[in-house]
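Encoded as structure tokens, the structure appears first; notes follow it.
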Amino acid sequence: MKVVGVQQFGGPEALAVHEVQEPHAGAGSVRIRVGAFAVNPTDTGVRAGQRDSSHASAPYVPGMDAAGVIDEVGPDVDGWAVGDEVMAIALPLTAHGGAYVEELVAPVGSFTRIPRGTSMELASTIPMNGLTAIQILELAGLSRGDTLAVTGAAGLLGNYLVQLATSEGITVIADAAEKDETLVRSLGPDHIVPRGESFAEAVRRIVPEGVDALADCAVQRDVVVPALRQGGVFIDVRGWEGNGAEGVRFERALVGKEYRSFDKLERLRHGVEGGTITPRIAEVLPASSATEAHERLEAGGTRGRFVLTW
């Protein structure tokens, strides 16, 4: 089968289409004929060699999001059949493997049906970012009426997080550059503040004592920590352990822990079907254009996800 990956870690130009042995569904798993896979920032780290690759071999295949059709069902699998359209989270650089593949073997729990009325391309943008957003809210431990500040609200993770939080009655303060204000406003936050150096100050003008939690989807870190109240929670999405600020609890969102979080995938599916969550695509490209997708993603300013198809 064909995969998109790298023989040696490097820049976007290192990505190429490779032929590898076709996998098959084993016990407790299905095989998905992948129709679409999303390109996420974490994929660039896999490609560049910034992730642990000690349990993988070349070609190293990125990708944590896929959608497709089940074409093999392994032993001891109930409730799933050949022909079911599903979306799945994948784990690159592990025995399970990344999503930039024609055939993805997925254990039960790591996939669910694509939302009703949703294209395969749109569905491929949901699992990883959606699960990350749910995990952030769990780490924050907020109740209705509590305050959450979100940086990077115009990005897809920020999109899902703002929409999920507002649906739970949490008061959301989201950042936006001027060019993104219309998009961010459409997500339903209670307040919008300018993105950048003045973020914490702007948040404090709305909530003088500071917010209960801050999700730093834009990786602003030290600059935005002062937006939190004493006893507040800072959630980082890239493994930062914090700056030791007094009275702040630092947490890290690690989406790999959600690999078999079927109930949460179902929550995302129902959220899309009910209009709570809005998947977004920047552009659909052929799998052979993976280099272009990575180059454009790293250039910044992408709204929605690039999606690659076979």
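In the structure tokens, chains take the letters A, B, ... in the order shown, each chain's residues start at 1, and ligands count up from 1 in the order shown.
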Taking the backbone alone, and naming residues the way the document does, which bits of segment 113-253 of chain A are strand (DSSP E or B) by DSSP, as a ChimeraX atom specification? /A:113,147-151,171-176,191-194,211-216,228-236,249-252
For Tyr60 of chain A, list every protein, DNA or RNA residue within 9 Å, evaluated using only C-alpha atoms, and leave out those in the same chain fewer than 2 positions away; present the list as a PDB file with N, CA and C atoms, in the first residue's frame.
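Result went into result02.pdb, see below:
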```pdb
ATOM      1  N   VAL A   4       2.471   8.121   3.039  1.00  0.00           N
ATOM      2  CA  VAL A   4       3.257   9.343   2.909  1.00  0.00           C
ATOM      3  C   VAL A   4       4.098   9.470   4.173  1.00  0.00           C
ATOM      4  N   GLY A   5       5.406   9.553   3.992  1.00  0.00           N
ATOM      5  CA  GLY A   5       6.286   9.643   5.150  1.00  0.00           C
ATOM      6  C   GLY A   5       7.677  10.053   4.749  1.00  0.00           C
ATOM      7  N   VAL A   6       8.616   9.880   5.686  1.00  0.00           N
ATOM      8  CA  VAL A   6      10.000  10.277   5.440  1.00  0.00           C
ATOM      9  C   VAL A   6      10.936   9.107   5.733  1.00  0.00           C
ATOM     10  N   GLN A   7      11.927   8.957   4.885  1.00  0.00           N
ATOM     11  CA  GLN A   7      12.990   7.985   5.151  1.00  0.00           C
ATOM     12  C   GLN A   7      13.976   8.546   6.164  1.00  0.00           C
ATOM     13  N   GLN A   8      14.214   9.850   6.072  1.00  0.00           N
ATOM     14  CA  GLN A   8      15.061  10.550   7.040  1.00  0.00           C
ATOM     15  C   GLN A   8      14.318  11.800   7.480  1.00  0.00           C
ATOM     16  N   PHE A   9      14.374  12.101   8.768  1.00  0.00           N
ATOM     17  CA  PHE A   9      13.677  13.266   9.294  1.00  0.00           C
ATOM     18  C   PHE A   9      14.235  14.544   8.683  1.00  0.00           C
ATOM     19  N   VAL A  46       6.588  15.204  13.923  1.00  0.00           N
ATOM     20  CA  VAL A  46       6.912  13.816  13.556  1.00  0.00           C
ATOM     21  C   VAL A  46       7.849  13.810  12.365  1.00  0.00           C
ATOM     22  N   ARG A  47       7.516  14.579  11.344  1.00  0.00           N
ATOM     23  CA  ARG A  47       8.327  14.651  10.110  1.00  0.00           C
ATOM     24  C   ARG A  47       9.741  15.143  10.378  1.00  0.00           C
ATOM     25  N   SER A  53      11.058   8.321  18.186  1.00  0.00           N
ATOM     26  CA  SER A  53      10.877   7.378  17.075  1.00  0.00           C
ATOM     27  C   SER A  53      11.525   6.023  17.349  1.00  0.00           C
ATOM     28  N   ALA A  56       9.657   2.889  16.099  1.00  0.00           N
ATOM     29  CA  ALA A  56       9.197   2.903  14.710  1.00  0.00           C
ATOM     30  C   ALA A  56      10.383   2.699  13.774  1.00  0.00           C
ATOM     31  N   SER A  57      10.073   2.416  12.516  1.00  0.00           N
ATOM     32  CA  SER A  57      11.108   2.265  11.504  1.00  0.00           C
ATOM     33  C   SER A  57      10.683   3.028  10.254  1.00  0.00           C
ATOM     34  N   ALA A  58      11.656   3.361   9.427  1.00  0.00           N
ATOM     35  CA  ALA A  58      11.372   4.114   8.206  1.00  0.00           C
ATOM     36  C   ALA A  58      10.559   3.261   7.221  1.00  0.00           C
ATOM     37  N   PRO A  62       3.585  10.371   9.498  1.00  0.00           N
ATOM     38  CA  PRO A  62       2.854  11.252  10.399  1.00  0.00           C
ATOM     39  C   PRO A  62       1.344  10.983  10.335  1.00  0.00           C
ATOM     40  N   PRO A  92       1.103   8.059  15.443  1.00  0.00           N
ATOM     41  CA  PRO A  92       2.354   7.910  14.688  1.00  0.00           C
ATOM     42  C   PRO A  92       3.493   7.408  15.576  1.00  0.00           C
ATOM     43  N   LEU A  93       4.474   6.786  14.937  1.00  0.00           N
ATOM     44  CA  LEU A  93       5.704   6.343  15.590  1.00  0.00           C
ATOM     45  C   LEU A  93       5.461   5.326  16.700  1.00  0.00           C
ATOM     46  N   GLY A  97       0.806   3.141  14.226  1.00  0.00           N
ATOM     47  CA  GLY A  97       1.174   3.871  13.014  1.00  0.00           C
ATOM     48  C   GLY A  97       0.336   5.104  12.749  1.00  0.00           C
ATOM     49  N   GLY A  98       0.911   6.005  11.913  1.00  0.00           N
ATOM     50  CA  GLY A  98       0.272   7.264  11.583  1.00  0.00           C
ATOM     51  C   GLY A  98      -0.824   7.127  10.546  1.00  0.00           C
TER      52      GLY A  98
END
```
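Nearest-residue note for Gly274 of chain A: choosing from A:Met120, A:Gly300, A:Leu228, A:Gln163, the minimum distance belongs to A:Gln163, counting only C-alpha atoms.
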Contact residues around Gly158 of chain A with only C-alpha atoms at 8 Å, ignoring same-chain residues under 6 positions, as an MDAnalysis selection string: chainID A and resid 133 150:152 217
Same residues, N, CA and C atoms, saved as an mmCIF file, in the first residue's frame:
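Result file again_20.cif:
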```cif
data_model
loop_
_atom_site.group_PDB
_atom_site.id
_atom_site.type_symbol
_atom_site.label_atom_id
_atom_site.label_comp_id
_atom_site.auth_asym_id
_atom_site.auth_seq_id
_atom_site.Cartn_x
_atom_site.Cartn_y
_atom_site.Cartn_z
ATOM 1 N N ALA A 133 -9.558 19.023 22.752
ATOM 2 C CA ALA A 133 -10.428 20.029 23.355
ATOM 3 C C ALA A 133 -11.180 19.462 24.559
ATOM 4 N N VAL A 150 -8.964 31.531 26.075
ATOM 5 C CA VAL A 150 -8.437 30.668 25.023
ATOM 6 C C VAL A 150 -7.562 31.497 24.089
ATOM 7 N N THR A 151 -6.284 31.125 23.964
ATOM 8 C CA THR A 151 -5.449 31.719 22.932
ATOM 9 C C THR A 151 -5.500 30.819 21.698
ATOM 10 N N GLY A 152 -5.267 31.410 20.531
ATOM 11 C CA GLY A 152 -5.340 30.623 19.302
ATOM 12 C C GLY A 152 -6.744 30.195 18.973
ATOM 13 N N CYS A 217 -3.722 27.488 23.340
ATOM 14 C CA CYS A 217 -3.645 26.795 22.050
ATOM 15 C C CYS A 217 -2.658 27.457 21.092
#
```
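Proximity to Met64 of chain A was assessed for A:Thr125, A:Pro107, A:Gln50, A:Trp80 counting only C-alpha atoms; the smallest distance is recorded for A:Thr125.
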Write out as number ranges by chain which residues come within 8 Å of Val272 of chain A when counting only C-alpha atoms, dropping same-chain ones fewer than 6 positions away. A: 115, 278-279
Limited to all heavy atoms, could you put the picked residues into a file as a short mmCIF file (atom, residue, chain, number, x, y, z; two decimals), in the first residue's frame?
```cif
data_model
loop_
_atom_site.label_atom_id
_atom_site.label_comp_id
_atom_site.auth_asym_id
_atom_site.auth_seq_id
_atom_site.Cartn_x
_atom_site.Cartn_y
_atom_site.Cartn_z
N PRO A 115 -19.98 11.78 11.41
CA PRO A 115 -21.27 12.42 11.70
C PRO A 115 -22.20 12.38 10.49
O PRO A 115 -21.76 12.54 9.34
CB PRO A 115 -20.88 13.86 12.04
CG PRO A 115 -19.45 13.76 12.49
CD PRO A 115 -18.84 12.69 11.65
N THR A 278 -18.23 22.74 14.68
CA THR A 278 -18.17 23.02 13.25
C THR A 278 -16.80 22.66 12.69
O THR A 278 -15.83 23.39 12.89
CB THR A 278 -18.43 24.52 12.98
OG1 THR A 278 -19.63 24.93 13.63
CG2 THR A 278 -18.54 24.78 11.48
N PRO A 279 -16.67 21.54 11.99
CA PRO A 279 -15.39 21.20 11.35
C PRO A 279 -15.04 22.24 10.27
O PRO A 279 -15.95 22.80 9.63
CB PRO A 279 -15.64 19.83 10.72
CG PRO A 279 -16.88 19.31 11.38
CD PRO A 279 -17.70 20.51 11.74
#
```
Spatial neighbours of Gly74 of chain A, 10 Å, only C-alpha atoms, chain gap at least 6 places, as an MDAnalysis selection string: chainID A and resid 24:31 80:81 105 107:108
Which residues are near Val162 of chain A? Cut-off 9 Å, only C-alpha atoms, ignore same chain within fewer than 3 positions. Put them as JSON, numbers by chain. {"A": [133, 148, 150, 153, 157, 158, 159, 165, 166, 167, 172, 173, 174, 184, 187, 188, 189]}
For the selection just defined, write its residues with N, CA, C and O atoms to a file, as a PDB file, in the first residue's frame.
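Once everything was written out, this is selection30.pdb:
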```pdb
ATOM      1  N   ALA A 133      -9.558  19.023  22.752  1.00  0.00           N
ATOM      2  CA  ALA A 133     -10.428  20.029  23.355  1.00  0.00           C
ATOM      3  C   ALA A 133     -11.180  19.462  24.559  1.00  0.00           C
ATOM      4  O   ALA A 133     -11.284  20.123  25.606  1.00  0.00           O
ATOM      5  N   LEU A 148     -13.037  30.798  31.204  1.00  0.00           N
ATOM      6  CA  LEU A 148     -11.956  30.155  30.450  1.00  0.00           C
ATOM      7  C   LEU A 148     -11.447  31.126  29.409  1.00  0.00           C
ATOM      8  O   LEU A 148     -12.220  31.640  28.589  1.00  0.00           O
ATOM      9  N   VAL A 150      -8.964  31.531  26.075  1.00  0.00           N
ATOM     10  CA  VAL A 150      -8.437  30.668  25.023  1.00  0.00           C
ATOM     11  C   VAL A 150      -7.562  31.497  24.089  1.00  0.00           C
ATOM     12  O   VAL A 150      -8.040  32.469  23.487  1.00  0.00           O
ATOM     13  N   ALA A 153      -7.724  31.025  19.309  1.00  0.00           N
ATOM     14  CA  ALA A 153      -9.123  30.646  19.101  1.00  0.00           C
ATOM     15  C   ALA A 153      -9.479  30.490  17.633  1.00  0.00           C
ATOM     16  O   ALA A 153     -10.424  29.779  17.294  1.00  0.00           O
ATOM     17  N   LEU A 157      -8.173  23.722  16.808  1.00  0.00           N
ATOM     18  CA  LEU A 157      -8.308  23.307  18.204  1.00  0.00           C
ATOM     19  C   LEU A 157      -9.049  24.381  18.988  1.00  0.00           C
ATOM     20  O   LEU A 157      -9.968  24.080  19.761  1.00  0.00           O
ATOM     21  N   GLY A 158      -8.674  25.635  18.797  1.00  0.00           N
ATOM     22  CA  GLY A 158      -9.368  26.723  19.463  1.00  0.00           C
ATOM     23  C   GLY A 158     -10.833  26.776  19.097  1.00  0.00           C
ATOM     24  O   GLY A 158     -11.701  27.018  19.944  1.00  0.00           O
ATOM     25  N   ASN A 159     -11.139  26.536  17.804  1.00  0.00           N
ATOM     26  CA  ASN A 159     -12.542  26.488  17.353  1.00  0.00           C
ATOM     27  C   ASN A 159     -13.333  25.498  18.190  1.00  0.00           C
ATOM     28  O   ASN A 159     -14.388  25.836  18.757  1.00  0.00           O
ATOM     29  N   ALA A 165     -16.849  24.576  25.111  1.00  0.00           N
ATOM     30  CA  ALA A 165     -16.935  25.269  26.399  1.00  0.00           C
ATOM     31  C   ALA A 165     -18.208  26.099  26.501  1.00  0.00           C
ATOM     32  O   ALA A 165     -18.909  26.071  27.527  1.00  0.00           O
ATOM     33  N   THR A 166     -18.529  26.835  25.454  1.00  0.00           N
ATOM     34  CA  THR A 166     -19.742  27.655  25.506  1.00  0.00           C
ATOM     35  C   THR A 166     -20.990  26.781  25.606  1.00  0.00           C
ATOM     36  O   THR A 166     -21.967  27.158  26.268  1.00  0.00           O
ATOM     37  N   SER A 167     -20.946  25.605  24.985  1.00  0.00           N
ATOM     38  CA  SER A 167     -22.112  24.708  25.068  1.00  0.00           C
ATOM     39  C   SER A 167     -22.323  24.187  26.483  1.00  0.00           C
ATOM     40  O   SER A 167     -23.424  23.736  26.820  1.00  0.00           O
ATOM     41  N   VAL A 172     -16.456  32.221  28.113  1.00  0.00           N
ATOM     42  CA  VAL A 172     -15.243  32.096  27.311  1.00  0.00           C
ATOM     43  C   VAL A 172     -14.752  33.466  26.847  1.00  0.00           C
ATOM     44  O   VAL A 172     -15.519  34.262  26.292  1.00  0.00           O
ATOM     45  N   ILE A 173     -13.457  33.714  27.082  1.00  0.00           N
ATOM     46  CA  ILE A 173     -12.779  34.895  26.550  1.00  0.00           C
ATOM     47  C   ILE A 173     -11.777  34.389  25.520  1.00  0.00           C
ATOM     48  O   ILE A 173     -10.839  33.669  25.859  1.00  0.00           O
ATOM     49  N   ALA A 174     -11.991  34.726  24.266  1.00  0.00           N
ATOM     50  CA  ALA A 174     -11.171  34.212  23.167  1.00  0.00           C
ATOM     51  C   ALA A 174     -10.358  35.331  22.532  1.00  0.00           C
ATOM     52  O   ALA A 174     -10.817  36.473  22.450  1.00  0.00           O
ATOM     53  N   VAL A 184     -13.895  34.085  14.734  1.00  0.00           N
ATOM     54  CA  VAL A 184     -13.936  33.768  16.159  1.00  0.00           C
ATOM     55  C   VAL A 184     -15.295  34.136  16.754  1.00  0.00           C
ATOM     56  O   VAL A 184     -15.852  33.393  17.560  1.00  0.00           O
ATOM     57  N   LEU A 187     -18.005  31.541  16.591  1.00  0.00           N
ATOM     58  CA  LEU A 187     -17.899  30.388  17.479  1.00  0.00           C
ATOM     59  C   LEU A 187     -18.686  30.572  18.769  1.00  0.00           C
ATOM     60  O   LEU A 187     -18.906  29.614  19.504  1.00  0.00           O
ATOM     61  N   GLY A 188     -19.061  31.812  19.074  1.00  0.00           N
ATOM     62  CA  GLY A 188     -19.921  32.070  20.223  1.00  0.00           C
ATOM     63  C   GLY A 188     -19.262  32.404  21.537  1.00  0.00           C
ATOM     64  O   GLY A 188     -19.895  32.228  22.596  1.00  0.00           O
ATOM     65  N   PRO A 189     -17.997  32.900  21.564  1.00  0.00           N
ATOM     66  CA  PRO A 189     -17.413  33.257  22.861  1.00  0.00           C
ATOM     67  C   PRO A 189     -18.145  34.444  23.473  1.00  0.00           C
ATOM     68  O   PRO A 189     -18.783  35.237  22.764  1.00  0.00           O
TER      69      PRO A 189
END
```
Give me the segment 27-73 of chain A side of the contact with segment 284-292 of chain A, cut-off 10 Å, one line per residue showing its nearest atom pair and distance in Å at one decimal, counting only C-alpha atoms, sorted by chain and residue number, as a tab-separated table.
```
residue	atom	partner	partner_atom	distance
A:Ala36	CA	A:Ala287	CA	8.8
A:Phe37	CA	A:Ala287	CA	8.8
A:Ala38	CA	A:Val284	CA	9.1
A:Val39	CA	A:Ala290	CA	8.4
```
Just list as a PyMOL selection string whatever in segment 79-180 of chain A DSSP marks as alpha helix (DSSP H). chain A and resi 120-123+127-140+156-167
Keeping N, CA, C and O atoms, export the residues of the selection given above as a compact mmCIF listing (two decimals), in the first residue's frame.
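In the end it all went to selection36.txt:
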```txt
# COMPACT_ATOMS: atom_id res chain seq x y z
N MET A 120 -16.39 12.93 4.24
CA MET A 120 -15.22 12.25 4.77
C MET A 120 -14.09 13.24 5.03
O MET A 120 -13.35 13.13 6.02
N GLU A 121 -13.97 14.24 4.15
CA GLU A 121 -12.91 15.23 4.31
C GLU A 121 -13.11 16.04 5.60
O GLU A 121 -12.17 16.25 6.38
N LEU A 122 -14.33 16.50 5.84
CA LEU A 122 -14.61 17.24 7.07
C LEU A 122 -14.43 16.35 8.30
O LEU A 122 -13.86 16.77 9.31
N ALA A 123 -14.91 15.12 8.21
CA ALA A 123 -14.81 14.20 9.35
C ALA A 123 -13.36 13.95 9.76
O ALA A 123 -13.06 13.75 10.94
N PRO A 127 -11.27 14.04 14.97
CA PRO A 127 -10.88 13.24 16.14
C PRO A 127 -9.79 13.85 17.02
O PRO A 127 -10.00 14.04 18.23
N MET A 128 -8.61 14.12 16.47
CA MET A 128 -7.49 14.54 17.31
C MET A 128 -7.74 15.88 17.99
O MET A 128 -7.59 16.02 19.21
N ASN A 129 -8.14 16.88 17.23
CA ASN A 129 -8.38 18.20 17.83
C ASN A 129 -9.59 18.18 18.75
O ASN A 129 -9.59 18.83 19.79
N GLY A 130 -10.62 17.43 18.37
CA GLY A 130 -11.79 17.34 19.23
C GLY A 130 -11.50 16.67 20.55
O GLY A 130 -11.92 17.13 21.62
N LEU A 131 -10.74 15.57 20.51
CA LEU A 131 -10.36 14.88 21.75
C LEU A 131 -9.46 15.75 22.61
O LEU A 131 -9.56 15.74 23.84
N THR A 132 -8.58 16.52 21.97
CA THR A 132 -7.72 17.43 22.73
C THR A 132 -8.56 18.48 23.45
O THR A 132 -8.33 18.80 24.63
N ALA A 133 -9.56 19.02 22.75
CA ALA A 133 -10.43 20.03 23.35
C ALA A 133 -11.18 19.46 24.56
O ALA A 133 -11.28 20.12 25.61
N ILE A 134 -11.69 18.25 24.43
CA ILE A 134 -12.40 17.62 25.55
C ILE A 134 -11.45 17.41 26.72
O ILE A 134 -11.80 17.67 27.88
N GLN A 135 -10.23 16.94 26.43
CA GLN A 135 -9.27 16.71 27.51
C GLN A 135 -8.91 18.02 28.21
O GLN A 135 -8.77 18.06 29.44
N ILE A 136 -8.76 19.10 27.45
CA ILE A 136 -8.47 20.41 28.06
C ILE A 136 -9.57 20.78 29.05
O ILE A 136 -9.28 21.24 30.17
N LEU A 137 -10.82 20.61 28.65
CA LEU A 137 -11.92 20.95 29.55
C LEU A 137 -11.92 20.07 30.79
O LEU A 137 -12.23 20.54 31.90
N GLU A 138 -11.57 18.81 30.64
CA GLU A 138 -11.49 17.93 31.80
C GLU A 138 -10.38 18.38 32.75
O GLU A 138 -10.55 18.39 33.98
N LEU A 139 -9.23 18.75 32.20
CA LEU A 139 -8.11 19.22 33.02
C LEU A 139 -8.47 20.53 33.73
O LEU A 139 -8.06 20.77 34.87
N ALA A 140 -9.23 21.38 33.05
CA ALA A 140 -9.61 22.66 33.64
C ALA A 140 -10.60 22.47 34.78
O ALA A 140 -10.59 23.23 35.76
N LEU A 156 -8.03 25.49 14.57
CA LEU A 156 -9.08 24.47 14.66
C LEU A 156 -9.26 23.95 16.09
O LEU A 156 -10.39 23.76 16.54
N LEU A 157 -8.17 23.72 16.81
CA LEU A 157 -8.31 23.31 18.20
C LEU A 157 -9.05 24.38 18.99
O LEU A 157 -9.97 24.08 19.76
N GLY A 158 -8.67 25.64 18.80
CA GLY A 158 -9.37 26.72 19.46
C GLY A 158 -10.83 26.78 19.10
O GLY A 158 -11.70 27.02 19.94
N ASN A 159 -11.14 26.54 17.80
CA ASN A 159 -12.54 26.49 17.35
C ASN A 159 -13.33 25.50 18.19
O ASN A 159 -14.39 25.84 18.76
N TYR A 160 -12.86 24.26 18.23
CA TYR A 160 -13.59 23.21 18.92
C TYR A 160 -13.70 23.51 20.42
O TYR A 160 -14.74 23.27 21.05
N LEU A 161 -12.62 24.01 21.00
CA LEU A 161 -12.62 24.28 22.44
C LEU A 161 -13.62 25.37 22.79
O LEU A 161 -14.39 25.23 23.75
N VAL A 162 -13.62 26.47 22.05
CA VAL A 162 -14.58 27.55 22.32
C VAL A 162 -16.00 27.03 22.19
O VAL A 162 -16.86 27.30 23.05
N GLN A 163 -16.27 26.26 21.14
CA GLN A 163 -17.63 25.79 20.93
C GLN A 163 -18.06 24.81 22.02
O GLN A 163 -19.19 24.87 22.50
N LEU A 164 -17.19 23.90 22.41
CA LEU A 164 -17.54 22.94 23.46
C LEU A 164 -17.73 23.64 24.80
O LEU A 164 -18.66 23.32 25.55
N ALA A 165 -16.85 24.58 25.11
CA ALA A 165 -16.93 25.27 26.40
C ALA A 165 -18.21 26.10 26.50
O ALA A 165 -18.91 26.07 27.53
N THR A 166 -18.53 26.84 25.45
CA THR A 166 -19.74 27.66 25.51
C THR A 166 -20.99 26.78 25.61
O THR A 166 -21.97 27.16 26.27
N SER A 167 -20.95 25.60 24.99
CA SER A 167 -22.11 24.71 25.07
C SER A 167 -22.32 24.19 26.48
O SER A 167 -23.42 23.74 26.82
```
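Nearest to Ala48 of chain A of all the residues A:Ala215, A:Ala66, A:Glu298, A:Thr118 is A:Glu298, based on only C-alpha atoms.
With only C-alpha atoms taken into account, the protein and nucleic acid residues at most 9 Å from Glu201 of chain A (excluding it and anything under 6 positions from it in its own chain) are A:Val224, A:Pro226, A:Ala227.
Ranking A:Gly141, A:Gly10, A:Pro194, A:Gly304 by their shortest atom-to-atom distance to Phe234 of chain A, with only C-alpha atoms included, puts A:Gly141 first.
Atom to atom, atom CA of Phe262 of chain A and atom CA of Ile89 of chain A stand 10.2 Å apart.
Taking only C-alpha atoms into account, Gly63 of chain A lies nearest to A:Val307 out of the set A:Val307, A:Ala154, A:Met1, A:Val248.
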